[in-house]
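*Asks:* Have a peek at target.pdb (PDB, C-alpha atoms).
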MODEL        1
ATOM      1  CA  MET A1340      81.209  -8.928   7.709
ATOM      2  CA  ASN A1341      78.449 -11.398   6.931
ATOM      3  CA  PRO A1342      75.191  -9.787   5.629
ATOM      4  CA  LEU A1343      73.125 -11.760   8.130
ATOM      5  CA  THR A1344      75.254 -10.509  11.029
ATOM      6  CA  LEU A1345      74.945  -6.966   9.737
ATOM      7  CA  THR A1346      71.145  -7.291   9.596
ATOM      8  CA  CYS A1347      71.036  -8.564  13.178
ATOM      9  CA  LEU A1348      73.175  -5.679  14.413
ATOM     10  CA  VAL A1349      70.998  -3.104  12.652
ATOM     11  CA  ALA A1350      67.849  -4.724  14.084
ATOM     12  CA  ALA A1351      69.326  -4.730  17.598
ATOM     13  CA  ALA A1352      70.309  -1.070  17.279
ATOM     14  CA  ALA A1353      66.837  -0.152  16.064
ATOM     15  CA  LEU A1354      65.242  -2.089  18.910
ATOM     16  CA  THR A1355      67.440  -0.372  21.457
ATOM     17  CA  ALA A1356      66.859   3.087  19.961
ATOM     18  CA  CYS A1357      63.079   2.858  19.514
ATOM     19  CA  GLY A1358      62.036   0.280  22.045
ATOM     20  CA  GLN A1359      60.064  -1.589  19.399
ATOM     21  CA  PRO A1360      61.057  -4.402  17.103
ATOM     22  CA  PRO A1361      61.414  -3.471  13.438
ATOM     23  CA  PRO A1362      58.670  -4.582  11.063
ATOM     24  CA  PRO A1363      59.119  -8.096   9.626
ATOM     25  CA  ARG A1364      61.045  -8.257   6.392
ATOM     26  CA  ALA A1365      61.334 -10.851   3.722
ATOM     27  CA  PRO A1366      64.076 -13.376   4.544
ATOM     28  CA  GLN A1367      67.439 -12.702   2.913
ATOM     29  CA  PRO A1368      68.738 -15.281   0.459
ATOM     30  CA  GLU A1369      71.382 -17.567   1.874
ATOM     31  CA  VAL A1370      74.816 -17.371   0.342
ATOM     32  CA  THR A1371      77.010 -20.437   0.465
ATOM     33  CA  SER A1372      80.672 -20.219  -0.397
ATOM     34  CA  THR A1373      83.121 -22.851  -1.418
ATOM     35  CA  SER A1374      86.745 -22.218  -1.915
ATOM     36  CA  THR A1375      89.228 -24.379  -3.660
ATOM     37  CA  SER A1376      92.886 -23.929  -4.015
ATOM     38  CA  ALA A1377      95.320 -25.882  -6.014
ATOM     39  CA  ALA A1378      99.085 -25.705  -5.953
ATOM     40  CA  THR A1379     101.292 -27.620  -8.276
ATOM     41  CA  THR A1380     104.657 -26.379  -7.110
ATOM     42  CA  THR A1381     105.971 -23.999  -4.563
ATOM     43  CA  ALA A1382     106.917 -21.617  -7.264
ATOM     44  CA  ASP A1383     103.433 -21.456  -8.644
ATOM     45  CA  VAL A1384     101.068 -19.642  -6.348
ATOM     46  CA  VAL A1385      97.527 -20.075  -7.264
ATOM     47  CA  ALA A1386      94.969 -17.747  -5.841
ATOM     48  CA  PRO A1387      92.016 -19.450  -4.291
ATOM     49  CA  THR A1388      88.860 -19.400  -6.389
ATOM     50  CA  THR A1389      85.518 -18.712  -4.832
ATOM     51  CA  THR A1390      82.148 -19.602  -6.236
ATOM     52  CA  SER A1391      78.868 -18.331  -4.849
ATOM     53  CA  LYS A1392      75.474 -19.940  -5.126
ATOM     54  CA  VAL A1393      72.327 -18.031  -4.176
ATOM     55  CA  VAL A1394      69.587 -20.102  -2.605
ATOM     56  CA  ALA A1395      66.187 -18.463  -2.740
ATOM     57  CA  PRO A1396      64.210 -18.760   0.489
ATOM     58  CA  THR A1397      60.922 -20.631   0.389
ATOM     59  CA  THR A1398      58.074 -18.984   2.201
ATOM     60  CA  THR A1399      54.752 -20.642   2.933
ATOM     61  CA  THR A1400      51.911 -18.799   4.512
ATOM     62  CA  ASN A1401      49.180 -20.754   6.210
ATOM     63  CA  THR A1402      45.982 -18.776   6.632
ATOM     64  CA  PRO A1403      43.522 -20.154   9.153
ATOM     65  CA  PRO A1404      40.114 -21.135   7.745
ATOM     66  CA  LYS A1405      37.371 -18.579   8.166
ATOM     67  CA  PRO A1406      34.671 -19.540  10.662
ATOM     68  CA  PRO A1407      31.183 -20.093   9.200
ATOM     69  CA  ARG A1408      28.846 -17.114   9.345
ATOM     70  CA  THR A1409      26.098 -17.432  11.869
ATOM     71  CA  THR A1410      23.229 -15.105  12.514
ATOM     72  CA  THR A1411      21.866 -14.759  15.984
ATOM     73  CA  THR A1412      19.081 -12.290  15.256
ATOM     74  CA  LYS A1413      15.628 -13.347  14.126
ATOM     75  CA  PRO A1414      14.060 -11.644  11.107
ATOM     76  CA  PRO A1415      11.419  -9.074  11.994
ATOM     77  CA  PRO A1416       7.796 -10.270  11.907
ATOM     78  CA  PRO A1417       5.789  -9.414   8.796
ATOM     79  CA  PRO A1418       3.904  -6.134   9.011
ATOM     80  CA  LYS A1419       0.275  -6.232  10.083
ATOM     81  CA  PRO A1420      -2.086  -5.955   7.116
ATOM     82  CA  PRO A1421      -3.920  -2.652   6.990
ATOM     83  CA  ASP A1422      -7.420  -2.474   8.388
ATOM     84  CA  ARG A1423      -9.879  -2.842   5.548
ATOM     85  CA  TRP A1424     -13.382  -1.661   5.097
ATOM     86  CA  VAL A1425     -16.068  -4.330   5.556
ATOM     87  CA  LEU A1426     -19.683  -4.029   4.391
ATOM     88  CA  PRO A1427     -22.034  -3.540   7.382
ATOM     89  CA  ALA A1428     -24.264  -6.560   8.142
ATOM     90  CA  GLY A1429     -27.507  -4.557   7.860
ATOM     91  CA  LEU A1430     -26.652  -3.430   4.333
ATOM     92  CA  ARG A1431     -25.740  -6.983   3.316
ATOM     93  CA  GLY A1432     -29.237  -8.219   4.204
ATOM     94  CA  SER A1433     -30.822  -5.299   2.313
ATOM     95  CA  ILE A1434     -28.819  -6.061  -0.825
ATOM     96  CA  GLU A1435     -29.602  -9.791  -0.799
ATOM     97  CA  GLN A1436     -33.354  -9.045  -0.659
ATOM     98  CA  GLN A1437     -33.330  -7.127  -3.957
ATOM     99  CA  ASP A1438     -33.826 -10.242  -6.118
ATOM    100  CA  ALA A1439     -36.474 -10.970  -8.784
ATOM    101  CA  GLN A1440     -35.864  -7.497 -10.236
ATOM    102  CA  PHE A1441     -34.414  -6.151 -13.456
ATOM    103  CA  PHE A1442     -30.652  -6.303 -12.906
ATOM    104  CA  PRO A1443     -29.607  -2.844 -14.270
ATOM    105  CA  ALA A1444     -32.123  -1.045 -12.017
ATOM    106  CA  SER A1445     -31.248  -3.145  -8.959
ATOM    107  CA  TRP A1446     -27.477  -2.734  -9.487
ATOM    108  CA  GLY A1447     -27.922   1.069  -9.790
ATOM    109  CA  ARG A1448     -29.603   1.200  -6.359
ATOM    110  CA  ILE A1449     -27.034  -1.178  -4.781
ATOM    111  CA  GLN A1450     -24.147   0.914  -6.139
ATOM    112  CA  GLY A1451     -25.519   4.012  -4.418
ATOM    113  CA  GLN A1452     -26.101   2.207  -1.103
ATOM    114  CA  VAL A1453     -22.628   0.658  -1.046
ATOM    115  CA  ALA A1454     -20.882   3.875  -2.153
ATOM    116  CA  GLU A1455     -22.375   5.701   0.868
ATOM    117  CA  VAL A1456     -20.508   3.380   3.275
ATOM    118  CA  CYS A1457     -17.294   2.858   1.244
ATOM    119  CA  PRO A1458     -14.159   4.859   2.148
ATOM    120  CA  GLY A1459     -14.317   8.249   0.446
ATOM    121  CA  GLN A1460     -17.953   7.532  -0.473
ATOM    122  CA  THR A1461     -16.956   6.137  -3.861
ATOM    123  CA  LEU A1462     -17.999   2.662  -4.992
ATOM    124  CA  CYS A1463     -15.392   0.189  -3.732
ATOM    125  CA  VAL A1464     -16.850  -3.184  -4.853
ATOM    126  CA  GLY A1465     -17.687  -4.764  -8.185
ATOM    127  CA  HIS A1466     -20.211  -7.253  -9.509
ATOM    128  CA  ALA A1467     -20.260 -10.488 -11.477
ATOM    129  CA  LEU A1468     -23.129 -11.911 -13.535
ATOM    130  CA  VAL A1469     -23.864 -15.645 -13.688
ATOM    131  CA  ILE A1470     -26.402 -16.822 -16.268
ATOM    132  CA  ASP A1471     -29.066 -19.137 -14.794
ATOM    133  CA  PRO A1472     -31.587 -20.046 -17.551
ATOM    134  CA  ALA A1473     -33.267 -22.687 -15.341
ATOM    135  CA  SER A1474     -35.283 -20.150 -13.344
ATOM    136  CA  GLU A1475     -39.049 -19.703 -13.754
ATOM    137  CA  LEU A1476     -38.578 -16.067 -14.814
ATOM    138  CA  THR A1477     -38.853 -15.427 -18.534
ATOM    139  CA  ASP A1478     -37.964 -11.737 -18.647
ATOM    140  CA  ASP A1479     -34.559 -10.650 -19.951
ATOM    141  CA  CYS A1480     -31.819  -9.928 -17.409
ATOM    142  CA  PHE A1481     -33.842 -10.436 -14.245
ATOM    143  CA  ILE A1482     -32.213 -11.518 -11.017
ATOM    144  CA  VAL A1483     -33.489 -14.991 -10.146
ATOM    145  CA  PRO A1484     -35.044 -15.469  -6.662
ATOM    146  CA  GLY A1485     -32.252 -15.887  -4.092
ATOM    147  CA  GLY A1486     -29.766 -14.996  -6.840
ATOM    148  CA  ILE A1487     -27.744 -12.285  -5.055
ATOM    149  CA  SER A1488     -24.661 -13.503  -3.197
ATOM    150  CA  VAL A1489     -22.754 -11.068  -0.990
ATOM    151  CA  PRO A1490     -19.531 -12.496   0.530
ATOM    152  CA  ASP A1491     -19.319 -12.381   4.326
ATOM    153  CA  PRO A1492     -17.315 -10.284   4.997
ATOM    154  CA  LEU A1493     -17.324  -8.142   1.877
ATOM    155  CA  HIS A1494     -14.051  -6.210   1.787
ATOM    156  CA  GLU A1495     -13.044  -3.248  -0.315
ATOM    157  CA  GLY A1496     -12.387  -4.529  -3.856
ATOM    158  CA  GLY A1497     -14.689  -7.546  -3.368
ATOM    159  CA  THR A1498     -17.408  -8.763  -5.739
ATOM    160  CA  ILE A1499     -21.167  -9.197  -5.390
ATOM    161  CA  THR A1500     -22.481 -12.051  -7.562
ATOM    162  CA  PHE A1501     -25.860 -11.871  -9.356
ATOM    163  CA  ARG A1502     -27.570 -14.877 -10.999
ATOM    164  CA  VAL A1503     -29.644 -13.574 -13.916
ATOM    165  CA  THR A1504     -32.032 -15.183 -16.413
ATOM    166  CA  ASN A1505     -29.938 -14.388 -19.491
ATOM    167  CA  ASP A1506     -27.195 -12.085 -20.738
ATOM    168  CA  LEU A1507     -29.451  -9.646 -22.550
ATOM    169  CA  CYS A1508     -28.864  -6.894 -20.002
ATOM    170  CA  SER A1509     -28.963  -3.424 -21.488
ATOM    171  CA  GLY A1510     -27.422  -0.692 -19.420
ATOM    172  CA  GLY A1511     -25.815  -3.067 -16.853
TER     173      GLY A1511
ENDMDL
END
What is this file in structure tokens?

*Replies:*
Amino acid sequence: MNPLTLTCLVAAAALTACGQPPPPRAPQPEVTSTSTSAATTTADVVAPTTTSKVVAPTTTTNTPPKPPRTTTTKPPPPPKPPDRWVLPAGLRGSIEQQDAQFFPASWGRIQGQVAEVCPGQTLCVGHALVIDPASELTDDCFIVPGGISVPDPLHEGGTITFRVTNDLCSGG
């Protein structure tokens, strides 16, 4: 019996018994046969010779291309920045009026005033000195008139700028 016929019969029996087709299998190699016989005389009986050639099956699998990835959801909005402390307007005016004074003494007072309104009542701003030798003041390290600049608004971590006569400040 031919191997292909046998495979079909087994598959049909399995389908009938289980009600489901058997799982796919790799194709069986094809076998081709050729027979030749030669007889020279009636007395000589030559048995037929058979040669077999196995042909390997060729299998190609075509996989469909993958569709491009698309996103339909929007990224979440950035988080809202935290509320920050801002220097009260009344204190800003008070600080800016403390010019024409010795910087270390003025900065000491300003530190205390600002610390009272900062979160946790600890100083939350810094200072920067800018040398302005063109003023009419001749004393060392004095704040020139109109020389205090407080940013509006002054946030936690900000800087108050002082223009001073020279950099000979001791204790500042």

*Asks:* List the residues selected by the PyMOL selection byres ((chain A and resi 1467-1484) around 12) in the file shown, writing them as an NGL selection string.

*Replies:* :A and (1435-1446 or 1464-1466 or 1485-1489 or 1497-1511)

*Asks:* In Å, rounded to a single decimal, give me how far CA of Val1425 (chain A) is from CA of Pro1458 (chain A).

*Replies:* 10.0 Å

*Asks:* Rounded to one decimal, what separation in Å do you get between CA of Thr1461 (chain A) and CA of His1494 (chain A)?

*Replies:*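 Between CA of Thr1461 (chain A) and CA of His1494 (chain A) the gap is 13.9 Å.
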
*Asks:* So the first atom is CA of Leu1493 (chain A) and the second is CA of Pro1417 (chain A); what is the distance between them in Å, to one decimal place?

*Replies:*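 Result for CA of Leu1493 (chain A) versus CA of Pro1417 (chain A): 24.2 Å, one decimal.
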
*Asks:* List as a compact mmCIF listing (two decimals) with C-alpha atoms, in the frame of the given file the protein and nucleic acid residues near Pro1427 (chain A), meaning an atom at most 12 Å away when only C-alpha atoms are counted, but skip any in the same chain fewer than 3 places from it.

*Replies:*
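Done, and the output landed in result_11.txt:
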# COMPACT_ATOMS: atom_id res chain seq x y z
CA TRP A 1424 -13.38 -1.66 5.10
CA LEU A 1430 -26.65 -3.43 4.33
CA ARG A 1431 -25.74 -6.98 3.32
CA GLY A 1432 -29.24 -8.22 4.20
CA SER A 1433 -30.82 -5.30 2.31
CA ILE A 1434 -28.82 -6.06 -0.82
CA GLN A 1452 -26.10 2.21 -1.10
CA VAL A 1453 -22.63 0.66 -1.05
CA GLU A 1455 -22.38 5.70 0.87
CA VAL A 1456 -20.51 3.38 3.28
CA CYS A 1457 -17.29 2.86 1.24
CA VAL A 1489 -22.75 -11.07 -0.99
CA PRO A 1490 -19.53 -12.50 0.53
CA ASP A 1491 -19.32 -12.38 4.33
CA PRO A 1492 -17.32 -10.28 5.00
CA LEU A 1493 -17.32 -8.14 1.88
CA HIS A 1494 -14.05 -6.21 1.79
CA GLU A 1495 -13.04 -3.25 -0.32

*Asks:* Quick one: of A:Ile1449, A:Leu1343, A:Leu1348, A:Cys1463, who's nearest to Arg1423 (chain A), counting all atoms listed in the file?

*Replies:*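 Nearest to Arg1423 (chain A): A:Cys1463.
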
*Asks:* Would you fill the gaps in region 1459-1470 of chain A so it has all heavy atoms, then print it as an mmCIF file, in the coordinates of the input?

*Replies:*
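Final file, selection24.cif:
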data_model
loop_
_atom_site.group_PDB
_atom_site.id
_atom_site.type_symbol
_atom_site.label_atom_id
_atom_site.label_comp_id
_atom_site.auth_asym_id
_atom_site.auth_seq_id
_atom_site.Cartn_x
_atom_site.Cartn_y
_atom_site.Cartn_z
ATOM 1 N N GLY A 1459 -14.276 7.155 1.417
ATOM 2 C CA GLY A 1459 -14.317 8.249 0.446
ATOM 3 C C GLY A 1459 -15.652 8.360 -0.269
ATOM 4 O O GLY A 1459 -15.798 9.137 -1.205
ATOM 5 N N GLN A 1460 -16.622 7.570 0.121
ATOM 6 C CA GLN A 1460 -17.953 7.532 -0.473
ATOM 7 C C GLN A 1460 -17.927 7.360 -1.987
ATOM 8 O O GLN A 1460 -18.708 7.960 -2.722
ATOM 9 C CB GLN A 1460 -18.762 8.764 -0.059
ATOM 10 C CG GLN A 1460 -19.011 8.794 1.429
ATOM 11 C CD GLN A 1460 -20.047 9.825 1.837
ATOM 12 O OE1 GLN A 1460 -20.479 10.650 1.045
ATOM 13 N NE2 GLN A 1460 -20.459 9.756 3.090
ATOM 14 N N THR A 1461 -16.987 6.539 -2.450
ATOM 15 C CA THR A 1461 -16.956 6.137 -3.861
ATOM 16 C C THR A 1461 -17.076 4.620 -3.899
ATOM 17 O O THR A 1461 -16.549 3.927 -3.014
ATOM 18 C CB THR A 1461 -15.644 6.572 -4.552
ATOM 19 O OG1 THR A 1461 -14.540 6.003 -3.853
ATOM 20 C CG2 THR A 1461 -15.504 8.073 -4.600
ATOM 21 N N LEU A 1462 -17.744 4.096 -4.893
ATOM 22 C CA LEU A 1462 -17.999 2.662 -4.992
ATOM 23 C C LEU A 1462 -16.688 1.890 -4.886
ATOM 24 O O LEU A 1462 -15.723 2.179 -5.595
ATOM 25 C CB LEU A 1462 -18.701 2.331 -6.315
ATOM 26 C CG LEU A 1462 -19.124 0.871 -6.473
ATOM 27 C CD1 LEU A 1462 -20.163 0.502 -5.414
ATOM 28 C CD2 LEU A 1462 -19.665 0.626 -7.868
ATOM 29 N N CYS A 1463 -16.643 0.921 -3.975
ATOM 30 C CA CYS A 1463 -15.392 0.189 -3.732
ATOM 31 C C CYS A 1463 -15.544 -1.315 -3.947
ATOM 32 O O CYS A 1463 -14.660 -2.082 -3.560
ATOM 33 C CB CYS A 1463 -14.887 0.484 -2.320
ATOM 34 S SG CYS A 1463 -16.050 0.031 -1.008
ATOM 35 N N VAL A 1464 -16.653 -1.765 -4.536
ATOM 36 C CA VAL A 1464 -16.850 -3.184 -4.853
ATOM 37 C C VAL A 1464 -17.335 -3.305 -6.288
ATOM 38 O O VAL A 1464 -17.808 -2.346 -6.888
ATOM 39 C CB VAL A 1464 -17.863 -3.865 -3.888
ATOM 40 C CG1 VAL A 1464 -17.362 -3.838 -2.468
ATOM 41 C CG2 VAL A 1464 -19.226 -3.249 -4.000
ATOM 42 N N GLY A 1465 -17.226 -4.512 -6.820
ATOM 43 C CA GLY A 1465 -17.687 -4.764 -8.185
ATOM 44 C C GLY A 1465 -18.794 -5.801 -8.189
ATOM 45 O O GLY A 1465 -19.303 -6.194 -7.143
ATOM 46 N N HIS A 1466 -19.165 -6.235 -9.390
ATOM 47 C CA HIS A 1466 -20.211 -7.253 -9.509
ATOM 48 C C HIS A 1466 -19.824 -8.264 -10.571
ATOM 49 O O HIS A 1466 -18.987 -7.983 -11.444
ATOM 50 C CB HIS A 1466 -21.566 -6.616 -9.845
ATOM 51 C CG HIS A 1466 -21.663 -6.146 -11.257
ATOM 52 N ND1 HIS A 1466 -21.115 -4.963 -11.675
ATOM 53 C CD2 HIS A 1466 -22.242 -6.724 -12.354
ATOM 54 C CE1 HIS A 1466 -21.351 -4.814 -12.977
ATOM 55 N NE2 HIS A 1466 -22.036 -5.868 -13.403
ATOM 56 N N ALA A 1467 -20.435 -9.432 -10.482
ATOM 57 C CA ALA A 1467 -20.260 -10.488 -11.477
ATOM 58 C C ALA A 1467 -21.631 -11.049 -11.807
ATOM 59 O O ALA A 1467 -22.477 -11.197 -10.929
ATOM 60 C CB ALA A 1467 -19.347 -11.588 -10.933
ATOM 61 N N LEU A 1468 -21.859 -11.332 -13.095
ATOM 62 C CA LEU A 1468 -23.129 -11.911 -13.535
ATOM 63 C C LEU A 1468 -22.916 -13.387 -13.851
ATOM 64 O O LEU A 1468 -21.944 -13.764 -14.505
ATOM 65 C CB LEU A 1468 -23.640 -11.205 -14.796
ATOM 66 C CG LEU A 1468 -24.039 -9.739 -14.648
ATOM 67 C CD1 LEU A 1468 -24.512 -9.179 -15.980
ATOM 68 C CD2 LEU A 1468 -25.130 -9.580 -13.608
ATOM 69 N N VAL A 1469 -23.863 -14.215 -13.383
ATOM 70 C CA VAL A 1469 -23.864 -15.645 -13.688
ATOM 71 C C VAL A 1469 -25.210 -15.944 -14.344
ATOM 72 O O VAL A 1469 -26.266 -15.615 -13.787
ATOM 73 C CB VAL A 1469 -23.691 -16.483 -12.394
ATOM 74 C CG1 VAL A 1469 -23.800 -17.965 -12.699
ATOM 75 C CG2 VAL A 1469 -22.375 -16.153 -11.719
ATOM 76 N N ILE A 1470 -25.176 -16.528 -15.524
ATOM 77 C CA ILE A 1470 -26.402 -16.822 -16.268
ATOM 78 C C ILE A 1470 -27.033 -18.094 -15.690
ATOM 79 O O ILE A 1470 -26.376 -19.120 -15.557
ATOM 80 C CB ILE A 1470 -26.105 -17.017 -17.771
ATOM 81 C CG1 ILE A 1470 -25.312 -15.836 -18.330
ATOM 82 C CG2 ILE A 1470 -27.391 -17.240 -18.552
ATOM 83 C CD1 ILE A 1470 -25.970 -14.497 -18.126
#
